[in-house]
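See structure below.
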Amino acid sequence: MSLRPILAAIALSFAPALEVAVCAQETAAPATSEILVGDALPGAFLMTPQGDGPFPAIILFGGSEGGDRGVRGLAPRFLAEGYAVLGVPYYSPAWGDRPQQFPALPRAFAEIPVEGAGTARAWLAARSDIRAGDIGIYGVSKGAEYALLAGAYLDGFAAIAAIVPTDVVWEGWGVGDGIRPSSFSWQGKPLPFVPYEGMGEEFANPTGPDGRPRLRLPHDNGRNANPERAVAARIPVEIIDEPVLVAGGDADLVWNSGEMAQNIAERRAAAGLPTVSLVFTDAGHSLSGDGSPSKYATPAEVAAQNVIWPETLKFFAAHLKD
């Protein structure tokens, strides 16, 4: 069986978590301007709130849906709170008959350079309308993986929020049959990763609700079968000296974000590092919303959002505005 359609479905299966954020776009305050970054960050855009600035800024990383849909859905909520936002697409798939949105970006989620986050920060810091010392990152799902790696490998971020995060680097996808890449790279070398186990079987015989694949199983099976690789693939969150917020759900069927958020919090606590940890027993993967009702979020997820979103605003205000 070819893994290509299976891995296409992996990317699309993450999308509902970002749909919650997209729905918020209708009620948020509009930006006063939008600037496209250009060749340095293909598809990236800067939005600034009303006012003269300079503004604190938040870099947004979406998930495995790719392109800019997720970050454009998230941006208005932060604009309404007085932040400039830099939405950064970092890969642009073209599954099935869906065209590639940004041809200059990778089509595969494979060996995405962590250095891209440094390029984003440097571009923001060079602007007169941005407070260079007050730049944070907000990442969701695979974007949370990226955000934590950026904090571990790069300097200069004031705060990092990782929603439904992972504490390890995972296998990537989309390169070709038989090739199993890392999701991320650093200085031209792939980072150690945890492989999936049983992804094809899960898609052939889905075990999730409503006949959908339960992606958590191939993640859990891969980690359980490869403990030595899981150790090597750990994101070194204990060296991120910036404050970190993590939020996850124990009922997450995409990956075990509740346990992984707890792992991150415990390792940072052992290192004496400031961390806000928000873990919800009954919540799943759709935790990036602001608590607004949504057909994509369960009641438990909406309840969790009603805690996570105010805490996220409090977190960024403390570290980017004060």
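We label chains A, B, ... in the order they appear in the structure tokens, count residues from 1 in each chain, and number ligands from 1 in the order shown.
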Worksheet item: as a ChimeraX atom specification, which residues of segment 50-231 of chain A does DSSP assign to strand (DSSP E)?
Response: /A:55-61,84-87,112-113,130-140,159-163,184-186,189-190
Could you please take those selected residues and save C-alpha atoms as an mmCIF file, in the first residue's frame?
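Wrote selection16.cif, looks like this:
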data_model
loop_
_atom_site.group_PDB
_atom_site.id
_atom_site.type_symbol
_atom_site.label_atom_id
_atom_site.label_comp_id
_atom_site.auth_asym_id
_atom_site.auth_seq_id
_atom_site.Cartn_x
_atom_site.Cartn_y
_atom_site.Cartn_z
ATOM 1 C CA PHE A 55 3.945 47.021 19.188
ATOM 2 C CA PRO A 56 4.805 43.794 20.971
ATOM 3 C CA ALA A 57 4.618 40.988 18.418
ATOM 4 C CA ILE A 58 3.644 37.327 18.260
ATOM 5 C CA ILE A 59 4.868 34.902 15.604
ATOM 6 C CA LEU A 60 2.131 32.403 14.690
ATOM 7 C CA PHE A 61 2.813 28.828 13.582
ATOM 8 C CA ALA A 84 1.330 42.796 15.889
ATOM 9 C CA VAL A 85 1.201 39.305 14.401
ATOM 10 C CA LEU A 86 3.546 37.640 11.953
ATOM 11 C CA GLY A 87 1.826 34.648 10.385
ATOM 12 C CA ILE A 112 11.646 21.890 8.154
ATOM 13 C CA PRO A 113 14.577 24.153 9.167
ATOM 14 C CA ILE A 130 7.942 46.418 16.508
ATOM 15 C CA ARG A 131 9.409 46.230 20.015
ATOM 16 C CA ALA A 132 12.386 43.974 19.338
ATOM 17 C CA GLY A 133 12.614 42.777 22.932
ATOM 18 C CA ASP A 134 8.953 41.787 23.085
ATOM 19 C CA ILE A 135 8.522 39.089 20.438
ATOM 20 C CA GLY A 136 6.779 35.847 21.367
ATOM 21 C CA ILE A 137 5.674 32.667 19.584
ATOM 22 C CA TYR A 138 2.287 30.951 19.557
ATOM 23 C CA GLY A 139 2.195 27.517 17.921
ATOM 24 C CA VAL A 140 -0.553 24.921 17.572
ATOM 25 C CA ALA A 159 7.679 34.005 25.657
ATOM 26 C CA ILE A 160 6.455 30.832 23.957
ATOM 27 C CA ALA A 161 2.949 29.323 23.986
ATOM 28 C CA ALA A 162 2.614 25.746 22.723
ATOM 29 C CA ILE A 163 -0.979 24.548 22.324
ATOM 30 C CA PHE A 184 12.534 19.166 11.485
ATOM 31 C CA SER A 185 16.196 19.925 10.891
ATOM 32 C CA TRP A 186 18.869 22.091 12.484
ATOM 33 C CA LYS A 189 20.913 17.975 9.633
ATOM 34 C CA PRO A 190 17.676 16.115 10.415
#
Item to complete: Just the residues within 10 Å of Ala152 of chain A, please, counting only C-alpha atoms, with nothing from its chain fewer than 4 positions along; format it as JSON, numbers by chain.
Response: {"A": [114, 146, 147, 148, 235, 236, 237, 238, 239, 240, 241, 242]}
Discussion item. Just checking: using only C-alpha atoms, which residue out of A:Trp255, A:Phe78, A:Tyr91, A:Phe45 ends up closest to Ser33 of chain A?
Written reply: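 Of all the options, A:Phe45 lies closest to Ser33 of chain A.
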Fill in: Those in segment 19-126 of chain A with helix (DSSP H, G or I) from DSSP, as a PyMOL selection string
chain A and resi 19-26+69-79+115-125
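Here atom CA of Pro106 of chain A is placed at a distance of 11.3 Å from atom CA of Trp173 of chain A.
Taking atom CA of Val164 of chain A as the reference point, atom CA of His285 of chain A is found at 6.3 Å.
Counting only C-alpha atoms, the residue from A:Asn224, A:Asn263, A:Thr281, A:Thr166 that sits nearest to Asp250 of chain A is A:Thr281.
Distances here use only C-alpha atoms; by that measure, the residue among A:Pro54, A:Gly63, A:Gly272, A:Pro42 closest to Leu124 of chain A is A:Pro54.
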Worksheet item: Could you pull the residues within 10 Å of segment 225-227 of chain A, counting only C-alpha atoms, minus those fewer than 5 positions along the same chain, as a ChimeraX atom specification?
Response: /A:194-197,220,232-233
Worksheet item: Quick one: of A:Asn306, A:Thr119, A:Gln50, A:Ser92, who's nearest to Gly38 of chain A, counting only C-alpha atoms?
Response: A:Thr119
Fill in: Contacts of Glu266 of chain A within 12 Å, only C-alpha atoms, excl. fewer than 2 positions in-chain, as a ChimeraX atom specification
/A:167,237-238,246,259-264,268-277
